[in-house]
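Quick notes on the structure that follows.
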Amino acid sequence: MSVLRINGGRPLAGRISVHGAKNSVLPILAATLIHPGEMTIHNCPDLRDVRSAIKILTALGAKIKREKDKIVVDAGTINCCNIADDLMREMRSSVIFLGAMLSRCKSAVISYPGGCELGPRPIDLHLSALKKLGISITEENGKIYCSVENLSGADIHLPFPSVGATENIMIAAMFAKGRTRITNPAREPEIEDLQNFLCAMGGKITGAGGHVIEIEGVSKTFDCEHKVIPDRIVAATYLTAVAVSGGDVLIENVEPSQMNVMCEKLSRSGCLLYQGENYIRIIRKNPLYSMGEIKTEPYPGFPTDAQALFAVLATQCDGQTVVRENIFENRYQYVPELVKMGADIKTCGRVAVINGGNCLNGAAVKAPDLRGGAALIVAALGAQGESIISELSHIDRGYENIEGCLSSIGAQIVREV
Ligand code: EPZ
């Protein structure tokens, strides 16, 4: 079993670059299925979830070439539209292949997707939206059977702006006859990235990032190239690592405008931030002030994926911080591990109350899920003494060579296999 061994309490310094966004590249890879030709995707990180997406594409008959951060998908040879249970279970994003398979093959068989255990993660919004496009769906023995004769555009209102459901509709509606209109869609930057990719292959989609997305069905797609946006949660991981450990780091290959709400919290805590077109420099020298309440919300609100990272930061801020997790029911599994390191946190349902100012101490802890695991790394970097973090497979879903990246800015972190 691999572990990360971290000796904390050292300031960080230097430059670090952020890899492409996991939550962009996964729906984009799924969307490559709809075009019977070659798509080239740049800035693809080498992550466990990306490897799972490649396994699904390969199992469906696509040919994949990978060279550094470039992935070329040739989906001209798709010969199957069923995803085996073990592949479905590898990650949540396997469900985004549903819209793509229906677009391409008019039928699909999947089972319920896996992914981090963050509480119930139903797919009812995906399925009811797909039904509106004319798709018949039946469930039997844990399998979901879908088929459609002619996809037709529809008005779809999402009761909650689900990221995955918005993506599935956008992809499924590419070849639907007429216009599809999504009201209350997710507005995350990854949705805009998917729109840009679908338009690059010939789609007619407008409105991503706003309150209404319109998809005019097309009959033909083309080979194209696309560069994935930077991962704002990886960038937030480095920012909080510096905020907790102290130091001066230039974080490159980021989109600062996608990180406003997180940067505002960091500035409020007393960190100095300087932003340019594609970088953020963070300096933290002095003790940290309270950041105020943290409430997770759909974009442009505070991201649930950064909740655990900022909770760690709150343990080092003056006074009390209240965190309210509004997106997922079960996103405090890292708390007992953080308490082992000396943090004062109490949770009740969706609320966590953090009394800041306790010095963190190194401990042996387990990553409970992807972002909770990343938060424990950040805590270990700021803690006195040695920490050993296990269950790294969660962290490897979303971070490429995190130990190498953090070592390059002075962290004492090694992976022991
Ligand atoms: C995406 O998950 C991200 N994953 C998650 O990132 C992220 O936390 C989440 O969006 C919210 O920002 C990917 O993009 C691959 P949702 P997704 O559908 O699409 C409920 C990470 O760590 N819901 O917006 O699954 C759901 O239970 C991961 O990188 C329904 O009730 O999120 C949740 O409470 C974890 N029915 C809320 O909506 C549905 O059919 C938000 O889910 C769908 C969702």
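Following the order of the structure tokens, chains are lettered A, B, ..., residues in each are numbered from 1, and ligands are numbered from 1.
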
- Item | ligand 1 neighbours within 9 Å using only C-alpha atoms and all ligand atoms, as a VMD selection string | chain A and resid 22 to 27 49 91 to 96 115 to 128 160 to 167 186 188 190 233 297 to 299 303 to 306 326 to 329 369 to 372 397 to 398

Closest pair table for region 222-338 of chain A residues within 6 Å of region 349-362 of chain A, only C-alpha atoms, as a tab-separated table:
residue	atom	partner	partner_atom	distance
A:Ala314	CA	A:Gly356	CA	5.9
A:Thr315	CA	A:Gly356	CA	4.2
A:Gln316	CA	A:Gly357	CA	4.9
A:Cys317	CA	A:Gly356	CA	5.1
A:Asp318	CA	A:Gly356	CA	5.4
A:Gly319	CA	A:Gly356	CA	5.3
A:Gln320	CA	A:Asn355	CA	4.5
A:Thr321	CA	A:Ile354	CA	5.1
A:Val322	CA	A:Val353	CA	4.7
A:Val323	CA	A:Ala352	CA	5.1
A:Arg324	CA	A:Val351	CA	4.6
A:Glu325	CA	A:Arg350	CA	5.2

Kindly export the residues of the current selection with C-alpha atoms, as a JSON list (two decimals), in the first residue's frame.
[["chain", "number", "residue", "atom", "x", "y", "z"],
["A", 314, "ALA", "CA", -9.72, 27.80, 8.89],
["A", 315, "THR", "CA", -7.96, 25.67, 11.54],
["A", 316, "GLN", "CA", -5.05, 28.12, 11.22],
["A", 317, "CYS", "CA", -7.15, 31.31, 11.17],
["A", 318, "ASP", "CA", -8.01, 33.44, 14.15],
["A", 319, "GLY", "CA", -11.40, 32.74, 15.81],
["A", 320, "GLN", "CA", -14.30, 30.56, 14.78],
["A", 321, "THR", "CA", -15.31, 29.61, 11.21],
["A", 322, "VAL", "CA", -18.67, 28.09, 10.34],
["A", 323, "VAL", "CA", -18.79, 25.94, 7.20],
["A", 324, "ARG", "CA", -22.08, 24.95, 5.56],
["A", 325, "GLU", "CA", -21.92, 22.19, 2.90]]

- Query: Val234 (chain A): which residues within 8 Å, counting only C-alpha atoms, same-chain residues fewer than 4 positions away excluded, as a list in words?
  - Reply: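 Everything that qualifies: Val18, His19, Tyr238 and Tyr399 of chain A.
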
Output all heavy atoms of each residue in that selection to a file, as a compact mmCIF listing (two decimals), in the first residue's frame.
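As a result, part.txt now contains:
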# COMPACT_ATOMS: atom_id res chain seq x y z
N VAL A 18 -0.21 24.44 -13.00
CA VAL A 18 -1.43 23.67 -12.73
C VAL A 18 -1.80 22.85 -13.98
O VAL A 18 -1.78 23.38 -15.09
CB VAL A 18 -2.57 24.64 -12.37
CG1 VAL A 18 -3.91 23.92 -12.27
CG2 VAL A 18 -2.24 25.37 -11.08
N HIS A 19 -2.14 21.59 -13.77
CA HIS A 19 -2.51 20.76 -14.93
C HIS A 19 -3.97 21.01 -15.35
O HIS A 19 -4.72 21.72 -14.70
CB HIS A 19 -2.21 19.28 -14.68
CG HIS A 19 -2.92 18.63 -13.53
ND1 HIS A 19 -4.29 18.53 -13.45
CD2 HIS A 19 -2.44 18.01 -12.42
CE1 HIS A 19 -4.61 17.86 -12.35
NE2 HIS A 19 -3.51 17.54 -11.69
N TYR A 238 -2.90 24.26 -4.18
CA TYR A 238 -1.59 24.89 -3.99
C TYR A 238 -1.73 26.20 -3.20
O TYR A 238 -0.90 26.52 -2.35
CB TYR A 238 -0.91 25.18 -5.34
CG TYR A 238 -0.64 23.94 -6.17
CD1 TYR A 238 -0.65 23.98 -7.56
CD2 TYR A 238 -0.37 22.71 -5.56
CE1 TYR A 238 -0.40 22.85 -8.32
CE2 TYR A 238 -0.13 21.57 -6.31
CZ TYR A 238 -0.15 21.65 -7.68
OH TYR A 238 0.10 20.53 -8.44
N TYR A 399 -5.20 14.25 -8.99
CA TYR A 399 -3.95 15.02 -8.92
C TYR A 399 -2.86 14.22 -9.61
O TYR A 399 -2.64 13.06 -9.28
CB TYR A 399 -3.54 15.27 -7.46
CG TYR A 399 -4.49 16.21 -6.75
CD1 TYR A 399 -5.67 15.75 -6.18
CD2 TYR A 399 -4.22 17.58 -6.67
CE1 TYR A 399 -6.56 16.60 -5.54
CE2 TYR A 399 -5.10 18.45 -6.04
CZ TYR A 399 -6.27 17.95 -5.48
OH TYR A 399 -7.14 18.81 -4.85

- Task: Excluding Leu12 (chain A) and residues on its chain fewer than 6 positions from it, collect all residues at most 7 Å away from it, counting only C-alpha atoms, and give them as a ChimeraX atom specification.
- Result: /A:242,245-249,409-411

Write out, as JSON lines, each residue of region 67-98 of chain A that has an atom at most 10 Å from region 28-43 of chain A, together with the closest pair of atoms and their distance in Å to one decimal, counting only C-alpha atoms, rows going by chain and rising number.
{"residue": "A:Glu67", "atom": "CA", "partner": "A:His42", "partner_atom": "CA", "distance": 9.7}
{"residue": "A:Lys68", "atom": "CA", "partner": "A:Asn43", "partner_atom": "CA", "distance": 8.8}
{"residue": "A:Asp69", "atom": "CA", "partner": "A:Asn43", "partner_atom": "CA", "distance": 5.1}
{"residue": "A:Lys70", "atom": "CA", "partner": "A:His42", "partner_atom": "CA", "distance": 4.5}
{"residue": "A:Ile71", "atom": "CA", "partner": "A:Ile41", "partner_atom": "CA", "distance": 5.2}
{"residue": "A:Val72", "atom": "CA", "partner": "A:Thr40", "partner_atom": "CA", "distance": 4.4}
{"residue": "A:Val73", "atom": "CA", "partner": "A:Met39", "partner_atom": "CA", "distance": 5.3}
{"residue": "A:Asp74", "atom": "CA", "partner": "A:Glu38", "partner_atom": "CA", "distance": 4.4}
{"residue": "A:Ala75", "atom": "CA", "partner": "A:Pro36", "partner_atom": "CA", "distance": 5.1}
{"residue": "A:Gly76", "atom": "CA", "partner": "A:Pro36", "partner_atom": "CA", "distance": 3.9}
{"residue": "A:Thr77", "atom": "CA", "partner": "A:Pro36", "partner_atom": "CA", "distance": 7.3}
{"residue": "A:Ile78", "atom": "CA", "partner": "A:Leu33", "partner_atom": "CA", "distance": 7.8}
{"residue": "A:Ser93", "atom": "CA", "partner": "A:Ala30", "partner_atom": "CA", "distance": 8.6}
{"residue": "A:Ser94", "atom": "CA", "partner": "A:Ala30", "partner_atom": "CA", "distance": 8.1}
{"residue": "A:Val95", "atom": "CA", "partner": "A:Ala30", "partner_atom": "CA", "distance": 9.2}
{"residue": "A:Ile96", "atom": "CA", "partner": "A:Ala30", "partner_atom": "CA", "distance": 6.4}
{"residue": "A:Phe97", "atom": "CA", "partner": "A:Ala30", "partner_atom": "CA", "distance": 5.1}
{"residue": "A:Leu98", "atom": "CA", "partner": "A:Ala30", "partner_atom": "CA", "distance": 8.6}

Residues just named, written with N, CA, C and O atoms as a tab-separated table (two decimals), in the first residue's frame:
chain	number	residue	atom	x	y	z
A	67	GLU	N	0.14	10.98	-25.92
A	67	GLU	CA	1.53	11.41	-25.98
A	67	GLU	C	1.65	12.61	-25.06
A	67	GLU	O	1.05	13.66	-25.30
A	68	LYS	N	2.36	12.43	-23.94
A	68	LYS	CA	2.44	13.45	-22.89
A	68	LYS	C	1.03	13.91	-22.51
A	68	LYS	O	0.20	13.10	-22.16
A	69	ASP	N	0.74	15.23	-22.63
A	69	ASP	CA	-0.59	15.66	-22.19
A	69	ASP	C	-1.59	15.75	-23.36
A	69	ASP	O	-2.64	16.39	-23.25
A	70	LYS	N	-1.25	15.10	-24.47
A	70	LYS	CA	-2.16	15.11	-25.64
A	70	LYS	C	-2.83	13.73	-25.79
A	70	LYS	O	-2.15	12.71	-25.74
A	71	ILE	N	-4.14	13.74	-25.94
A	71	ILE	CA	-4.85	12.47	-26.19
A	71	ILE	C	-5.57	12.61	-27.53
A	71	ILE	O	-6.29	13.59	-27.76
A	72	VAL	N	-5.34	11.64	-28.41
A	72	VAL	CA	-6.04	11.63	-29.70
A	72	VAL	C	-7.03	10.46	-29.67
A	72	VAL	O	-6.64	9.32	-29.42
A	73	VAL	N	-8.30	10.78	-29.89
A	73	VAL	CA	-9.34	9.74	-29.88
A	73	VAL	C	-9.87	9.59	-31.29
A	73	VAL	O	-10.30	10.57	-31.90
A	74	ASP	N	-9.84	8.36	-31.78
A	74	ASP	CA	-10.48	8.07	-33.07
A	74	ASP	C	-11.70	7.20	-32.76
A	74	ASP	O	-11.57	6.01	-32.47
A	75	ALA	N	-12.87	7.83	-32.80
A	75	ALA	CA	-14.10	7.11	-32.45
A	75	ALA	C	-14.82	6.60	-33.70
A	75	ALA	O	-16.00	6.27	-33.65
A	76	GLY	N	-14.08	6.54	-34.81
A	76	GLY	CA	-14.68	6.05	-36.06
A	76	GLY	C	-15.02	4.56	-35.97
A	76	GLY	O	-15.81	4.04	-36.75
A	77	THR	N	-14.40	3.88	-35.00
A	77	THR	CA	-14.50	2.42	-34.97
A	77	THR	C	-15.38	1.91	-33.81
A	77	THR	O	-15.27	0.76	-33.41
A	78	ILE	N	-16.25	2.77	-33.28
A	78	ILE	CA	-17.12	2.36	-32.16
A	78	ILE	C	-17.99	1.17	-32.58
A	78	ILE	O	-18.62	1.20	-33.64
A	93	SER	N	-18.07	9.97	-13.47
A	93	SER	CA	-18.23	10.54	-14.82
A	93	SER	C	-18.59	9.51	-15.87
A	93	SER	O	-18.88	9.88	-17.01
A	94	SER	N	-18.55	8.22	-15.52
A	94	SER	CA	-18.95	7.21	-16.50
A	94	SER	C	-20.37	7.48	-16.98
A	94	SER	O	-20.72	7.15	-18.12
A	95	VAL	N	-21.19	8.16	-16.15
A	95	VAL	CA	-22.58	8.41	-16.54
A	95	VAL	C	-22.67	9.41	-17.71
A	95	VAL	O	-23.65	9.41	-18.46
A	96	ILE	N	-21.63	10.22	-17.90
A	96	ILE	CA	-21.67	11.21	-19.00
A	96	ILE	C	-21.55	10.51	-20.36
A	96	ILE	O	-21.86	11.09	-21.40
A	97	PHE	N	-21.08	9.25	-20.35
A	97	PHE	CA	-21.01	8.52	-21.61
A	97	PHE	C	-22.41	8.18	-22.13
A	97	PHE	O	-22.58	7.86	-23.30
A	98	LEU	N	-23.41	8.25	-21.23
A	98	LEU	CA	-24.76	7.88	-21.64
A	98	LEU	C	-25.27	8.78	-22.78
A	98	LEU	O	-25.70	8.30	-23.83

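The set of residues in region 73-200 of chain A assigned to strand (DSSP E or B) by DSSP, using only backbone atoms of this structure, is Val73, Asp74, Asn82, Ser107, Ala108, Val109, Ile110, Ser111, Ser136, Ile137, Thr138, Glu139, Glu140, Lys143, Ile144, Tyr145, Cys146, Ser147, Ser152, Asp155, Ile156, His157, Lys177, Arg179, Thr180, Arg181, Ile182 and Thr183 of chain A.
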
Just N, CA, C and O atoms for this one: save the residues we selected as an mmCIF file, in the first residue's frame.
data_model
loop_
_atom_site.group_PDB
_atom_site.id
_atom_site.type_symbol
_atom_site.label_atom_id
_atom_site.label_comp_id
_atom_site.auth_asym_id
_atom_site.auth_seq_id
_atom_site.Cartn_x
_atom_site.Cartn_y
_atom_site.Cartn_z
ATOM 1 N N VAL A 73 -8.304 10.782 -29.886
ATOM 2 C CA VAL A 73 -9.340 9.736 -29.883
ATOM 3 C C VAL A 73 -9.874 9.586 -31.290
ATOM 4 O O VAL A 73 -10.303 10.572 -31.898
ATOM 5 N N ASP A 74 -9.837 8.358 -31.784
ATOM 6 C CA ASP A 74 -10.483 8.069 -33.068
ATOM 7 C C ASP A 74 -11.703 7.204 -32.761
ATOM 8 O O ASP A 74 -11.574 6.010 -32.467
ATOM 9 N N ASN A 82 -22.493 -0.547 -24.730
ATOM 10 C CA ASN A 82 -22.769 -1.026 -23.367
ATOM 11 C C ASN A 82 -21.507 -0.808 -22.560
ATOM 12 O O ASN A 82 -20.420 -1.140 -23.026
ATOM 13 N N SER A 107 -28.679 3.832 -28.772
ATOM 14 C CA SER A 107 -29.033 2.943 -27.661
ATOM 15 C C SER A 107 -27.826 2.844 -26.738
ATOM 16 O O SER A 107 -26.694 3.137 -27.139
ATOM 17 N N ALA A 108 -28.101 2.459 -25.481
ATOM 18 C CA ALA A 108 -27.005 2.343 -24.510
ATOM 19 C C ALA A 108 -27.477 1.512 -23.332
ATOM 20 O O ALA A 108 -28.654 1.543 -22.985
ATOM 21 N N VAL A 109 -26.546 0.781 -22.746
ATOM 22 C CA VAL A 109 -26.844 0.048 -21.503
ATOM 23 C C VAL A 109 -25.742 0.389 -20.514
ATOM 24 O O VAL A 109 -24.556 0.245 -20.811
ATOM 25 N N ILE A 110 -26.163 0.901 -19.344
ATOM 26 C CA ILE A 110 -25.173 1.206 -18.288
ATOM 27 C C ILE A 110 -25.733 0.699 -16.951
ATOM 28 O O ILE A 110 -26.885 0.303 -16.857
ATOM 29 N N SER A 111 -24.868 0.773 -15.921
ATOM 30 C CA SER A 111 -25.374 0.544 -14.566
ATOM 31 C C SER A 111 -25.091 1.826 -13.785
ATOM 32 O O SER A 111 -24.569 2.792 -14.354
ATOM 33 N N SER A 136 -36.277 6.422 -24.499
ATOM 34 C CA SER A 136 -37.009 5.532 -23.573
ATOM 35 C C SER A 136 -35.997 4.879 -22.649
ATOM 36 O O SER A 136 -34.930 4.422 -23.101
ATOM 37 N N ILE A 137 -36.363 4.818 -21.383
ATOM 38 C CA ILE A 137 -35.431 4.300 -20.378
ATOM 39 C C ILE A 137 -36.160 3.273 -19.523
ATOM 40 O O ILE A 137 -37.244 3.537 -19.015
ATOM 41 N N THR A 138 -35.555 2.099 -19.388
ATOM 42 C CA THR A 138 -36.115 1.111 -18.457
ATOM 43 C C THR A 138 -34.977 0.607 -17.566
ATOM 44 O O THR A 138 -33.812 0.592 -17.982
ATOM 45 N N GLU A 139 -35.349 0.228 -16.358
ATOM 46 C CA GLU A 139 -34.333 -0.270 -15.421
ATOM 47 C C GLU A 139 -34.684 -1.688 -15.051
ATOM 48 O O GLU A 139 -35.842 -1.982 -14.763
ATOM 49 N N GLU A 140 -33.699 -2.574 -15.035
ATOM 50 C CA GLU A 140 -33.932 -3.969 -14.662
ATOM 51 C C GLU A 140 -32.657 -4.531 -14.062
ATOM 52 O O GLU A 140 -31.571 -4.406 -14.671
ATOM 53 N N LYS A 143 -29.514 -2.548 -14.077
ATOM 54 C CA LYS A 143 -29.032 -2.024 -15.374
ATOM 55 C C LYS A 143 -30.023 -0.993 -15.891
ATOM 56 O O LYS A 143 -31.232 -1.107 -15.660
ATOM 57 N N ILE A 144 -29.498 -0.017 -16.633
ATOM 58 C CA ILE A 144 -30.358 1.003 -17.222
ATOM 59 C C ILE A 144 -30.278 0.841 -18.743
ATOM 60 O O ILE A 144 -29.194 0.946 -19.323
ATOM 61 N N TYR A 145 -31.433 0.520 -19.340
ATOM 62 C CA TYR A 145 -31.487 0.293 -20.790
ATOM 63 C C TYR A 145 -32.103 1.531 -21.436
ATOM 64 O O TYR A 145 -33.210 1.935 -21.072
ATOM 65 N N CYS A 146 -31.403 2.120 -22.404
ATOM 66 C CA CYS A 146 -31.897 3.351 -23.044
ATOM 67 C C CYS A 146 -31.889 3.161 -24.558
ATOM 68 O O CYS A 146 -30.953 2.569 -25.112
ATOM 69 N N SER A 147 -32.911 3.712 -25.193
ATOM 70 C CA SER A 147 -32.894 3.691 -26.662
ATOM 71 C C SER A 147 -33.750 4.840 -27.191
ATOM 72 O O SER A 147 -34.591 5.387 -26.463
ATOM 73 N N SER A 152 -35.185 14.377 -30.307
ATOM 74 C CA SER A 152 -35.782 15.653 -30.705
ATOM 75 C C SER A 152 -35.559 16.705 -29.616
ATOM 76 O O SER A 152 -35.655 16.390 -28.408
ATOM 77 N N ASP A 155 -37.504 21.674 -24.337
ATOM 78 C CA ASP A 155 -37.211 22.632 -23.268
ATOM 79 C C ASP A 155 -37.031 21.832 -21.988
ATOM 80 O O ASP A 155 -37.931 21.078 -21.601
ATOM 81 N N ILE A 156 -35.875 21.990 -21.353
ATOM 82 C CA ILE A 156 -35.589 21.200 -20.153
ATOM 83 C C ILE A 156 -35.239 22.159 -19.021
ATOM 84 O O ILE A 156 -34.271 22.927 -19.129
ATOM 85 N N HIS A 157 -36.026 22.106 -17.947
ATOM 86 C CA HIS A 157 -35.705 22.928 -16.787
ATOM 87 C C HIS A 157 -35.101 22.023 -15.721
ATOM 88 O O HIS A 157 -35.705 21.028 -15.340
ATOM 89 N N LYS A 177 -33.156 16.790 -33.342
ATOM 90 C CA LYS A 177 -33.820 17.626 -34.360
ATOM 91 C C LYS A 177 -34.377 18.868 -33.656
ATOM 92 O O LYS A 177 -35.078 18.753 -32.647
ATOM 93 N N ARG A 179 -34.352 22.620 -31.622
ATOM 94 C CA ARG A 179 -33.600 23.338 -30.582
ATOM 95 C C ARG A 179 -33.866 22.749 -29.191
ATOM 96 O O ARG A 179 -35.006 22.468 -28.846
ATOM 97 N N THR A 180 -32.794 22.607 -28.406
ATOM 98 C CA THR A 180 -32.947 22.221 -26.996
ATOM 99 C C THR A 180 -32.570 23.439 -26.162
ATOM 100 O O THR A 180 -31.602 24.146 -26.465
ATOM 101 N N ARG A 181 -33.367 23.655 -25.113
ATOM 102 C CA ARG A 181 -33.137 24.834 -24.277
ATOM 103 C C ARG A 181 -33.047 24.335 -22.843
ATOM 104 O O ARG A 181 -33.985 23.706 -22.344
ATOM 105 N N ILE A 182 -31.901 24.566 -22.180
ATOM 106 C CA ILE A 182 -31.761 24.143 -20.775
ATOM 107 C C ILE A 182 -31.879 25.391 -19.912
ATOM 108 O O ILE A 182 -31.066 26.321 -20.047
ATOM 109 N N THR A 183 -32.884 25.424 -19.036
ATOM 110 C CA THR A 183 -32.953 26.543 -18.088
ATOM 111 C C THR A 183 -32.470 26.050 -16.724
ATOM 112 O O THR A 183 -32.628 24.889 -16.383
#

- Query: Of the candidates A:Ser257, A:Thr58, A:Asn330, A:Thr237, which shows the shortest atom-to-atom distance to Glu277 (chain A), using only C-alpha atoms?
  - Reply: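 Nearest candidate to Glu277 (chain A) out of A:Ser257, A:Thr58, A:Asn330, A:Thr237: A:Ser257.
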
- Have a look at A:Ala62, A:Ile389, A:Arg415, A:Asn150 and name the one nearest to Asn401 (chain A); count only C-alpha atoms.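 Result for the nearest residue to Asn401 (chain A): A:Arg415.
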
- Show which residues sit within 9 Å of Leu198 (chain A), as a VMD selection string. Count only C-alpha atoms, and ignore same-chain residues fewer than 3 positions away. chain A and resid 28 31 to 32 170 to 171 174 193 to 195 201 to 205 221

Would you save the residues from that selection as an mmCIF file, in the first residue's frame, using N, CA, C and O atoms?
data_model
loop_
_atom_site.group_PDB
_atom_site.id
_atom_site.type_symbol
_atom_site.label_atom_id
_atom_site.label_comp_id
_atom_site.auth_asym_id
_atom_site.auth_seq_id
_atom_site.Cartn_x
_atom_site.Cartn_y
_atom_site.Cartn_z
ATOM 1 N N ILE A 28 -15.351 15.894 -21.825
ATOM 2 C CA ILE A 28 -14.852 16.098 -23.196
ATOM 3 C C ILE A 28 -14.470 14.749 -23.812
ATOM 4 O O ILE A 28 -14.794 14.457 -24.966
ATOM 5 N N ALA A 31 -17.520 13.067 -24.811
ATOM 6 C CA ALA A 31 -18.130 13.688 -25.999
ATOM 7 C C ALA A 31 -17.413 13.313 -27.286
ATOM 8 O O ALA A 31 -18.002 13.393 -28.376
ATOM 9 N N THR A 32 -16.155 12.869 -27.200
ATOM 10 C CA THR A 32 -15.446 12.482 -28.435
ATOM 11 C C THR A 32 -16.171 11.330 -29.138
ATOM 12 O O THR A 32 -16.039 11.158 -30.340
ATOM 13 N N MET A 170 -26.275 18.452 -22.965
ATOM 14 C CA MET A 170 -25.588 19.164 -24.057
ATOM 15 C C MET A 170 -25.074 18.181 -25.107
ATOM 16 O O MET A 170 -25.188 18.402 -26.317
ATOM 17 N N ILE A 171 -24.499 17.064 -24.623
ATOM 18 C CA ILE A 171 -23.911 16.096 -25.559
ATOM 19 C C ILE A 171 -25.023 15.345 -26.304
ATOM 20 O O ILE A 171 -24.972 15.175 -27.528
ATOM 21 N N MET A 174 -26.781 17.248 -29.229
ATOM 22 C CA MET A 174 -26.001 17.721 -30.388
ATOM 23 C C MET A 174 -26.669 17.388 -31.724
ATOM 24 O O MET A 174 -26.677 18.199 -32.642
ATOM 25 N N ASP A 193 -16.242 25.084 -21.067
ATOM 26 C CA ASP A 193 -15.187 24.370 -21.794
ATOM 27 C C ASP A 193 -15.808 23.288 -22.689
ATOM 28 O O ASP A 193 -15.401 23.115 -23.844
ATOM 29 N N LEU A 194 -16.815 22.598 -22.159
ATOM 30 C CA LEU A 194 -17.486 21.568 -22.967
ATOM 31 C C LEU A 194 -18.185 22.212 -24.164
ATOM 32 O O LEU A 194 -18.118 21.703 -25.289
ATOM 33 N N GLN A 195 -18.841 23.366 -23.921
ATOM 34 C CA GLN A 195 -19.495 24.077 -25.040
ATOM 35 C C GLN A 195 -18.465 24.404 -26.126
ATOM 36 O O GLN A 195 -18.705 24.195 -27.319
ATOM 37 N N MET A 201 -16.230 21.076 -32.771
ATOM 38 C CA MET A 201 -16.496 19.924 -33.662
ATOM 39 C C MET A 201 -17.732 20.162 -34.537
ATOM 40 O O MET A 201 -18.218 19.247 -35.201
ATOM 41 N N GLY A 202 -18.271 21.404 -34.481
ATOM 42 C CA GLY A 202 -19.379 21.731 -35.396
ATOM 43 C C GLY A 202 -20.712 21.954 -34.714
ATOM 44 O O GLY A 202 -21.714 22.208 -35.388
ATOM 45 N N GLY A 203 -20.751 21.858 -33.390
ATOM 46 C CA GLY A 203 -22.007 22.063 -32.658
ATOM 47 C C GLY A 203 -22.446 23.527 -32.698
ATOM 48 O O GLY A 203 -21.629 24.419 -32.946
ATOM 49 N N LYS A 204 -23.761 23.730 -32.469
ATOM 50 C CA LYS A 204 -24.269 25.112 -32.402
ATOM 51 C C LYS A 204 -24.846 25.294 -31.009
ATOM 52 O O LYS A 204 -26.029 25.019 -30.767
ATOM 53 N N ILE A 205 -24.007 25.708 -30.095
ATOM 54 C CA ILE A 205 -24.416 25.816 -28.688
ATOM 55 C C ILE A 205 -24.043 27.206 -28.189
ATOM 56 O O ILE A 205 -22.934 27.685 -28.442
ATOM 57 N N THR A 221 -20.531 16.471 -37.805
ATOM 58 C CA THR A 221 -19.446 16.985 -36.949
ATOM 59 C C THR A 221 -18.123 16.806 -37.685
ATOM 60 O O THR A 221 -18.056 16.085 -38.676
#

- Excluding Gly301 (chain A) and residues on its chain fewer than 6 positions from it, collect all residues at most 10 Å away from it, counting only C-alpha atoms, and give them as a list in words.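 Once the nearby chain positions are removed, what remains is Glu188, Met259, Asn260, Val261, Met262, Ile294 and Lys295 of chain A.
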
- Task: In Å, rounded to a single decimal, give me how far CA of Arg232 (chain A) is from CA of Ala364 (chain A).
- Result: 27.9 Å
